[in-house]
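Have a look at upload.cif; it's mmCIF, C-alpha atoms:
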data_entry
loop_
_atom_site.label_atom_id
_atom_site.label_comp_id
_atom_site.auth_asym_id
_atom_site.auth_seq_id
_atom_site.Cartn_x
_atom_site.Cartn_y
_atom_site.Cartn_z
CA MET A 1 154.70 82.98 211.35
CA SER A 2 158.11 82.55 212.96
CA GLU A 3 158.66 80.78 216.30
CA THR A 4 159.44 84.16 217.88
CA GLU A 5 156.16 85.59 216.62
CA LYS A 6 154.23 82.55 217.87
CA ASN A 7 155.74 82.92 221.31
CA THR A 8 154.86 86.61 221.52
CA THR A 9 151.25 86.35 220.29
CA ILE A 10 149.04 87.11 223.29
CA ASN A 11 145.40 87.86 223.90
CA GLN A 12 143.91 91.34 224.18
CA LYS A 13 143.73 91.36 227.97
CA GLU A 14 147.37 90.35 228.29
CA ALA A 15 148.37 92.96 225.72
CA LEU A 16 146.64 95.80 227.57
CA ALA A 17 148.22 94.70 230.83
CA GLY A 18 151.66 94.55 229.24
CA ILE A 19 151.78 98.11 227.87
CA ARG A 20 154.21 100.41 229.67
CA TRP A 21 152.30 103.70 230.02
CA ASN A 22 154.30 106.84 230.77
CA GLU A 23 153.91 108.86 233.97
CA ALA A 24 150.82 110.57 232.50
CA GLY A 25 149.22 107.22 231.64
CA LEU A 26 149.85 107.67 227.92
CA VAL A 27 151.63 105.74 225.18
CA PRO A 28 152.79 107.21 221.84
CA SER A 29 150.98 105.69 218.88
CA VAL A 30 152.46 105.66 215.38
CA VAL A 31 149.69 105.52 212.77
CA GLN A 32 150.65 103.85 209.49
CA ASP A 33 148.73 103.33 206.25
CA ALA A 34 148.12 99.59 206.06
CA ASN A 35 148.38 99.58 202.25
CA THR A 36 151.19 102.02 201.44
CA LEU A 37 153.01 101.67 204.82
CA GLU A 38 153.39 105.45 204.89
CA VAL A 39 153.56 106.88 208.42
CA LEU A 40 150.54 109.19 208.68
CA MET A 41 150.76 110.69 212.15
CA VAL A 42 151.85 110.21 215.75
CA ALA A 43 149.43 110.77 218.62
CA TYR A 44 148.93 109.54 222.18
CA MET A 45 146.53 106.98 223.58
CA ASN A 46 145.54 106.31 227.15
CA SER A 47 143.88 103.12 228.34
CA GLU A 48 140.38 104.42 227.60
CA SER A 49 141.16 105.63 224.08
CA LEU A 50 142.91 102.37 223.27
CA GLN A 51 139.90 100.36 224.43
CA LEU A 52 137.58 102.64 222.43
CA SER A 53 139.81 102.07 219.39
CA LEU A 54 139.62 98.31 219.87
CA LYS A 55 135.86 98.39 220.38
CA SER A 56 134.97 100.75 217.53
CA GLY A 57 137.57 99.67 215.00
CA GLN A 58 138.55 103.31 214.46
CA THR A 59 141.32 105.38 216.04
CA TRP A 60 140.69 107.26 219.26
CA PHE A 61 143.37 109.29 221.02
CA TRP A 62 143.97 111.43 224.08
CA SER A 63 144.52 115.13 223.44
CA ARG A 64 147.25 116.41 225.74
CA SER A 65 146.45 120.05 224.89
CA ARG A 66 142.70 119.75 225.56
CA SER A 67 142.88 116.96 228.14
CA GLU A 68 140.09 115.00 226.48
CA LEU A 69 139.43 112.01 224.26
CA TRP A 70 139.20 112.64 220.54
CA HIS A 71 137.93 110.45 217.75
CA LYS A 72 140.08 110.90 214.64
CA GLY A 73 137.73 112.08 211.90
CA GLY A 74 134.81 112.53 214.28
CA THR A 75 134.44 116.12 213.04
CA SER A 76 136.14 116.10 209.65
CA GLY A 77 135.03 112.65 208.49
CA ASN A 78 138.68 111.67 207.91
CA THR A 79 138.39 108.52 209.99
CA GLN A 80 140.92 105.69 210.21
CA ALA A 81 139.73 102.07 210.10
CA ILE A 82 142.13 99.95 212.14
CA THR A 83 143.56 96.79 210.59
CA SER A 84 146.04 95.96 213.37
CA ILE A 85 147.61 97.27 216.57
CA SER A 86 150.96 96.06 217.87
CA TYR A 87 153.54 97.33 220.30
CA ASP A 88 157.31 97.33 220.29
CA CYS A 89 159.83 95.20 222.18
CA ASP A 90 159.93 97.72 225.05
CA SER A 91 156.12 97.76 225.26
CA ASP A 92 156.10 101.57 225.30
CA THR A 93 155.06 102.48 221.73
CA LEU A 94 152.07 101.36 219.64
CA LEU A 95 152.02 100.80 215.90
CA VAL A 96 148.49 101.26 214.54
CA LYS A 97 147.92 100.22 210.93
CA VAL A 98 144.85 101.79 209.35
CA VAL A 99 142.92 102.31 206.16
CA PRO A 100 142.43 106.09 206.14
CA GLU A 101 139.31 107.84 204.92
CA GLY A 102 140.87 111.10 203.75
CA PRO A 103 144.04 112.90 204.84
CA ALA A 104 145.56 112.44 208.29
CA CYS A 105 146.99 115.95 208.70
CA HIS A 106 144.92 118.99 209.68
CA THR A 107 146.59 120.88 206.80
CA GLY A 108 144.97 118.48 204.34
CA ALA A 109 148.19 116.60 203.64
CA THR A 110 147.97 112.82 203.44
CA SER A 111 150.60 112.49 206.18
CA CYS A 112 151.64 114.87 208.94
CA PHE A 113 155.25 114.18 207.93
CA PHE A 114 155.51 116.32 204.82
CA ARG A 115 158.33 118.65 205.93
CA GLU A 116 161.52 116.94 204.89
CA ILE A 117 164.89 117.96 206.33
CA PRO A 118 167.38 118.25 203.46
CA LEU A 119 170.35 115.88 203.70
CA ASN A 120 173.86 116.85 202.70
CA ASN A 121 174.24 113.42 201.22
CA PRO A 122 174.25 112.96 197.42
CA ILE A 123 174.05 109.17 197.81
CA ALA A 124 170.79 109.39 199.79
CA GLU A 125 169.38 111.85 197.26
CA ALA A 126 170.25 109.53 194.38
CA GLN A 127 168.57 106.58 196.06
CA LYS A 128 165.20 108.30 196.47
CA PRO A 129 162.45 106.44 194.59
CA ALA A 130 161.12 108.22 191.53
CA ALA A 131 157.56 109.52 191.65
CA SER A 132 155.08 107.35 189.77
CA LEU A 133 151.79 109.24 189.94
CA THR A 134 149.37 108.88 187.04
CA ASP A 135 147.98 111.95 185.27
CA GLY A 136 144.73 111.56 187.19
CA GLU A 137 146.53 111.40 190.53
CA ARG A 138 148.93 114.31 190.00
CA PHE A 139 146.50 117.05 190.99
CA ALA A 140 143.95 115.05 192.98
CA VAL A 141 145.48 116.32 196.21
CA LEU A 142 144.54 119.91 195.28
CA GLY A 143 140.87 119.00 195.08
CA GLU A 144 141.07 117.08 198.34
CA LEU A 145 142.90 119.94 200.05
CA GLU A 146 140.31 122.43 198.79
CA ARG A 147 137.56 120.21 200.23
CA VAL A 148 139.23 119.91 203.63
CA ILE A 149 139.88 123.67 203.85
CA ALA A 150 136.20 124.39 203.07
CA GLU A 151 135.22 121.88 205.75
CA ARG A 152 137.54 123.52 208.28
CA GLU A 153 135.98 126.93 207.61
CA VAL A 154 132.51 125.60 208.43
CA GLU A 155 133.34 123.30 211.35
CA ARG A 156 136.24 125.26 212.90
CA PRO A 157 137.72 122.28 214.83
CA GLU A 158 139.62 123.48 217.87
CA GLY A 159 143.39 123.39 217.55
CA ALA A 160 143.47 123.14 213.74
CA TYR A 161 145.82 125.58 212.01
CA THR A 162 143.28 126.25 209.25
CA THR A 163 140.72 127.19 211.91
CA TYR A 164 143.26 129.65 213.33
CA LEU A 165 143.69 131.31 209.94
CA PHE A 166 139.94 131.70 209.35
CA ASP A 167 139.43 133.00 212.88
CA LYS A 168 142.13 135.65 212.36
CA GLY A 169 140.64 136.74 209.05
CA VAL A 170 141.80 137.81 205.61
CA ASP A 171 144.62 140.09 206.80
CA LYS A 172 146.34 137.20 208.57
CA ILE A 173 145.82 134.93 205.56
CA LEU A 174 147.29 137.57 203.23
CA LYS A 175 150.25 138.02 205.56
CA LYS A 176 150.95 134.28 205.44
CA VAL A 177 150.67 134.24 201.64
CA GLY A 178 153.23 137.05 201.50
CA GLU A 179 155.56 135.28 203.93
CA GLU A 180 155.40 131.99 202.04
CA ALA A 181 155.96 133.77 198.70
CA SER A 182 159.06 135.46 200.13
CA GLU A 183 160.37 132.17 201.51
CA THR A 184 159.76 130.54 198.12
CA ILE A 185 161.86 133.25 196.45
CA ILE A 186 164.67 132.79 198.98
CA ALA A 187 164.70 129.01 198.50
CA ALA A 188 164.86 129.46 194.72
CA LYS A 189 167.66 132.04 194.97
CA ASN A 190 169.57 129.63 197.22
CA LYS A 191 169.13 126.90 194.58
CA ASP A 192 167.80 124.59 197.30
CA ASN A 193 165.19 122.41 195.61
CA ALA A 194 164.40 120.45 198.78
CA GLU A 195 163.51 123.67 200.59
CA LEU A 196 161.80 125.06 197.49
CA ARG A 197 159.50 122.02 197.39
CA LEU A 198 158.42 122.68 200.99
CA GLU A 199 157.93 126.42 200.54
CA VAL A 200 155.91 126.07 197.32
CA SER A 201 153.70 123.52 199.10
CA ASP A 202 153.13 125.98 201.95
CA LEU A 203 152.40 128.76 199.47
CA ILE A 204 149.84 126.68 197.56
CA TYR A 205 148.10 125.68 200.81
CA HIS A 206 147.81 129.31 201.97
CA LEU A 207 146.60 130.40 198.52
CA LEU A 208 143.85 127.78 198.73
CA VAL A 209 142.87 129.14 202.15
CA LEU A 210 142.71 132.63 200.62
CA LEU A 211 140.55 131.39 197.74
CA GLN A 212 138.18 129.77 200.23
CA GLU A 213 137.98 132.97 202.28
CA ARG A 214 137.14 134.92 199.12
CA LYS A 215 134.74 132.15 197.93
CA LEU A 216 136.62 131.82 194.65
CA PRO A 217 136.59 128.14 193.61
CA LEU A 218 139.80 126.53 192.43
CA ASP A 219 137.84 125.39 189.35
CA GLU A 220 137.64 129.03 188.20
CA ILE A 221 141.43 129.35 188.46
CA MET A 222 141.88 126.16 186.43
CA GLU A 223 139.35 127.43 183.88
CA GLU A 224 141.24 130.71 183.55
CA LEU A 225 144.51 128.85 182.99
CA SER A 226 142.83 126.61 180.43
CA THR A 227 141.38 129.61 178.60
CA ARG A 228 144.78 131.28 178.44
CA HIS A 229 146.36 128.11 177.14
CA GLU A 230 143.81 127.84 174.33
CA ARG A 231 144.34 131.40 173.09
CA PRO A 232 146.44 131.71 169.92
CA ARG A 233 148.59 134.50 171.37
CA ARG A 234 152.10 133.40 172.34
CA ASP A 235 152.64 136.00 175.06
CA GLN A 236 150.18 134.72 177.67
CA TYR A 237 152.92 133.33 179.94
#
Translate the structure described by the file into structure tokens.
Amino acid sequence: MSETEKNTTINQKEALAGIRWNEAGLVPSVVQDANTLEVLMVAYMNSESLQLSLKSGQTWFWSRSRSELWHKGGTSGNTQAITSISYDCDSDTLLVKVVPEGPACHTGATSCFFREIPLNNPIAEAQKPAASLTDGERFAVLGELERVIAEREVERPEGAYTTYLFDKGVDKILKKVGEEASETIIAAKNKDNAELRLEVSDLIYHLLVLLQERKLPLDEIMEELSTRHERPRRDQY
């Protein structure tokens, strides 16, 4: 630990007193995976939710839209075990490192930050780290996303986009599938792979919602693809 870090290490009471809350009594909280260091989400805490987080060891936040406390994962089971909480040099933002139990985003994505803005910068594109997922990991997210969508249909947590789709019914879901398919086509025609990646992800998510609404398991789709692959005919695809 550096001398600077030693001099700024304070007790819990001093830390709570030193936080600069905004005019609504809130402080933005950046939630980061303690192992991968991926930023999972940003939410707001008030004094009560912060103290609940410290006491329980799991993240609690203040919902600005519902004006109430909410326990992350209290409904879905996707809780976040806190490993550390710190705040920045201006004392107006928290950094909460956690070990997540399931995805952070209501869409089923690991992180809420999955919509990347394309950069007109070939150097930045070239410096992106290459993906290193194993064969077992490549499609694990589909199974997890299917599970979360099924959970959303049963529990219908307020404010979740998946809840909104199920509440509106199959016509709305079909409309979104059509919209995302069209946007996928446009991205491909524009030869914009960064946008294509986002649109295909949206399309797959909405297709999984449709499959859940129709009670058609993803396993049956995979089985159909496997059956086609095993056929001797060469014109299946």
>> Once the PyMOL selection byres ((chain A and resi 149) around 8) is applied to the coordinates I shared, what remains selected? I want it as a ChimeraX atom specification.
In response: /A:107-108,145-148,150-153,162,208-209,212
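Every protein, DNA or RNA residue with an atom at most 12 Å from range 185-193 of chain A, where all atoms listed in the file count and chain neighbours fewer than 3 positions away do not, is listed here: Glu116, Ile117, Pro118, Leu119, Asn120, Glu125, Gly178, Glu179, Glu180, Ala181, Ser182, Leu196, Arg197, Leu198, Glu199, Val200 and Leu203 of chain A.
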Mind giving me the axis-aligned box for range 109-113 of chain A with 6 Å on every side, centre plus edges in Å to one decimal, as AutoDock Vina command-line options?
--center_x 151.6 --center_y 114.5 --center_z 206.2 --size_x 19.3 --size_y 16.1 --size_z 17.5
> How far is it from CA of Thr36 in chain A to CA of Asp88 in chain A, in Å with one decimal?
Replying inline: 20.4 Å
Fewer than 5 positions away in the same chain doesn't count, so skip those; otherwise give me all residues within 12 Å of range 62-76 of chain A, counting only C-alpha atoms, as a compact mmCIF listing (two decimals) with C-alpha atoms, in the frame of the given file.
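Okay, result-v5.txt is ready:
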# COMPACT_ATOMS: atom_id res chain seq x y z
CA ALA A 24 150.82 110.57 232.50
CA GLY A 25 149.22 107.22 231.64
CA LEU A 26 149.85 107.67 227.92
CA VAL A 27 151.63 105.74 225.18
CA PRO A 28 152.79 107.21 221.84
CA SER A 29 150.98 105.69 218.88
CA VAL A 31 149.69 105.52 212.77
CA MET A 41 150.76 110.69 212.15
CA VAL A 42 151.85 110.21 215.75
CA ALA A 43 149.43 110.77 218.62
CA TYR A 44 148.93 109.54 222.18
CA MET A 45 146.53 106.98 223.58
CA ASN A 46 145.54 106.31 227.15
CA SER A 47 143.88 103.12 228.34
CA GLU A 48 140.38 104.42 227.60
CA SER A 49 141.16 105.63 224.08
CA LEU A 50 142.91 102.37 223.27
CA GLN A 51 139.90 100.36 224.43
CA LEU A 52 137.58 102.64 222.43
CA SER A 53 139.81 102.07 219.39
CA SER A 56 134.97 100.75 217.53
CA GLY A 57 137.57 99.67 215.00
CA ALA A 81 139.73 102.07 210.10
CA ILE A 82 142.13 99.95 212.14
CA VAL A 98 144.85 101.79 209.35
CA PRO A 100 142.43 106.09 206.14
CA GLU A 101 139.31 107.84 204.92
CA GLY A 102 140.87 111.10 203.75
CA PRO A 103 144.04 112.90 204.84
CA ALA A 104 145.56 112.44 208.29
CA CYS A 105 146.99 115.95 208.70
CA HIS A 106 144.92 118.99 209.68
CA THR A 107 146.59 120.88 206.80
CA GLY A 108 144.97 118.48 204.34
CA ARG A 147 137.56 120.21 200.23
CA VAL A 148 139.23 119.91 203.63
CA ILE A 149 139.88 123.67 203.85
CA ALA A 150 136.20 124.39 203.07
CA GLU A 151 135.22 121.88 205.75
CA ARG A 152 137.54 123.52 208.28
CA GLU A 153 135.98 126.93 207.61
CA VAL A 154 132.51 125.60 208.43
CA GLU A 155 133.34 123.30 211.35
CA ARG A 156 136.24 125.26 212.90
CA PRO A 157 137.72 122.28 214.83
CA GLU A 158 139.62 123.48 217.87
CA GLY A 159 143.39 123.39 217.55
CA ALA A 160 143.47 123.14 213.74
Starting from the structure just given, write a file holding range 19-56 of chain A with N, CA and C atoms, as a short mmCIF file (atom, residue, chain, number, x, y, z; two decimals), in the first residue's frame.
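Generated file (part02.cif):
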data_model
loop_
_atom_site.label_atom_id
_atom_site.label_comp_id
_atom_site.auth_asym_id
_atom_site.auth_seq_id
_atom_site.Cartn_x
_atom_site.Cartn_y
_atom_site.Cartn_z
N ILE A 19 -19.04 11.27 2.00
CA ILE A 19 -19.63 11.17 0.66
C ILE A 19 -20.41 12.44 0.32
N ARG A 20 -20.22 12.93 -0.88
CA ARG A 20 -20.94 14.12 -1.33
C ARG A 20 -22.18 13.67 -2.10
N TRP A 21 -23.32 13.64 -1.42
CA TRP A 21 -24.58 13.24 -2.05
C TRP A 21 -25.08 14.39 -2.92
N ASN A 22 -25.80 14.06 -3.99
CA ASN A 22 -26.36 15.13 -4.82
C ASN A 22 -27.58 15.74 -4.16
N GLU A 23 -28.23 16.66 -4.85
CA GLU A 23 -29.35 17.39 -4.24
C GLU A 23 -30.52 16.48 -3.87
N ALA A 24 -30.58 15.29 -4.49
CA ALA A 24 -31.64 14.32 -4.17
C ALA A 24 -31.19 13.33 -3.11
N GLY A 25 -29.98 13.51 -2.57
CA GLY A 25 -29.47 12.60 -1.56
C GLY A 25 -28.97 11.29 -2.14
N LEU A 26 -28.52 11.33 -3.40
CA LEU A 26 -28.08 10.12 -4.09
C LEU A 26 -26.63 10.26 -4.53
N VAL A 27 -26.00 9.11 -4.79
CA VAL A 27 -24.65 9.09 -5.34
C VAL A 27 -24.60 8.00 -6.40
N PRO A 28 -24.07 8.30 -7.61
CA PRO A 28 -23.96 7.25 -8.63
C PRO A 28 -22.98 6.17 -8.20
N SER A 29 -23.32 4.93 -8.51
CA SER A 29 -22.51 3.79 -8.08
C SER A 29 -22.18 2.92 -9.28
N VAL A 30 -20.90 2.85 -9.60
CA VAL A 30 -20.42 2.02 -10.70
C VAL A 30 -20.14 0.62 -10.15
N VAL A 31 -20.82 -0.38 -10.73
CA VAL A 31 -20.66 -1.75 -10.25
C VAL A 31 -19.73 -2.50 -11.21
N GLN A 32 -18.67 -3.07 -10.66
CA GLN A 32 -17.62 -3.71 -11.45
C GLN A 32 -17.41 -5.15 -10.98
N ASP A 33 -17.22 -6.06 -11.93
CA ASP A 33 -16.91 -7.45 -11.59
C ASP A 33 -15.53 -7.50 -10.94
N ALA A 34 -15.46 -8.03 -9.74
CA ALA A 34 -14.20 -8.03 -9.00
C ALA A 34 -13.14 -8.91 -9.65
N ASN A 35 -13.56 -9.90 -10.44
CA ASN A 35 -12.61 -10.82 -11.06
C ASN A 35 -12.19 -10.37 -12.46
N THR A 36 -13.16 -10.01 -13.29
CA THR A 36 -12.84 -9.64 -14.67
C THR A 36 -12.60 -8.15 -14.83
N LEU A 37 -13.04 -7.34 -13.84
CA LEU A 37 -12.97 -5.88 -13.86
C LEU A 37 -13.89 -5.26 -14.91
N GLU A 38 -14.80 -6.07 -15.46
CA GLU A 38 -15.78 -5.53 -16.40
C GLU A 38 -16.80 -4.67 -15.65
N VAL A 39 -17.13 -3.51 -16.20
CA VAL A 39 -18.17 -2.67 -15.61
C VAL A 39 -19.52 -3.30 -15.95
N LEU A 40 -20.29 -3.62 -14.92
CA LEU A 40 -21.55 -4.34 -15.10
C LEU A 40 -22.75 -3.42 -15.23
N MET A 41 -22.79 -2.37 -14.44
CA MET A 41 -23.95 -1.49 -14.42
C MET A 41 -23.63 -0.22 -13.64
N VAL A 42 -24.50 0.76 -13.78
CA VAL A 42 -24.43 1.97 -12.97
C VAL A 42 -25.81 2.21 -12.39
N ALA A 43 -25.88 2.42 -11.10
CA ALA A 43 -27.15 2.69 -10.43
C ALA A 43 -26.90 3.75 -9.36
N TYR A 44 -27.93 4.08 -8.60
CA TYR A 44 -27.80 5.11 -7.57
C TYR A 44 -28.04 4.52 -6.19
N MET A 45 -27.29 5.01 -5.24
CA MET A 45 -27.50 4.65 -3.84
C MET A 45 -27.83 5.91 -3.06
N ASN A 46 -28.68 5.74 -2.04
CA ASN A 46 -28.83 6.78 -1.03
C ASN A 46 -28.19 6.26 0.25
N SER A 47 -28.26 7.01 1.31
CA SER A 47 -27.59 6.61 2.54
C SER A 47 -28.12 5.27 3.06
N GLU A 48 -29.44 5.08 2.96
CA GLU A 48 -30.03 3.84 3.47
C GLU A 48 -29.62 2.63 2.65
N SER A 49 -29.62 2.77 1.33
CA SER A 49 -29.25 1.62 0.49
C SER A 49 -27.77 1.29 0.65
N LEU A 50 -26.95 2.31 0.83
CA LEU A 50 -25.53 2.06 1.05
C LEU A 50 -25.31 1.30 2.35
N GLN A 51 -26.02 1.72 3.41
CA GLN A 51 -25.86 1.03 4.69
C GLN A 51 -26.41 -0.40 4.63
N LEU A 52 -27.50 -0.60 3.86
CA LEU A 52 -28.02 -1.96 3.67
C LEU A 52 -27.01 -2.81 2.90
N SER A 53 -26.34 -2.20 1.92
CA SER A 53 -25.32 -2.92 1.16
C SER A 53 -24.16 -3.34 2.07
N LEU A 54 -23.74 -2.41 2.93
CA LEU A 54 -22.65 -2.71 3.84
C LEU A 54 -23.04 -3.79 4.85
N LYS A 55 -24.27 -3.73 5.30
CA LYS A 55 -24.74 -4.68 6.32
C LYS A 55 -24.97 -6.07 5.74
N SER A 56 -25.56 -6.13 4.54
CA SER A 56 -25.94 -7.43 3.97
C SER A 56 -24.82 -8.06 3.14
#
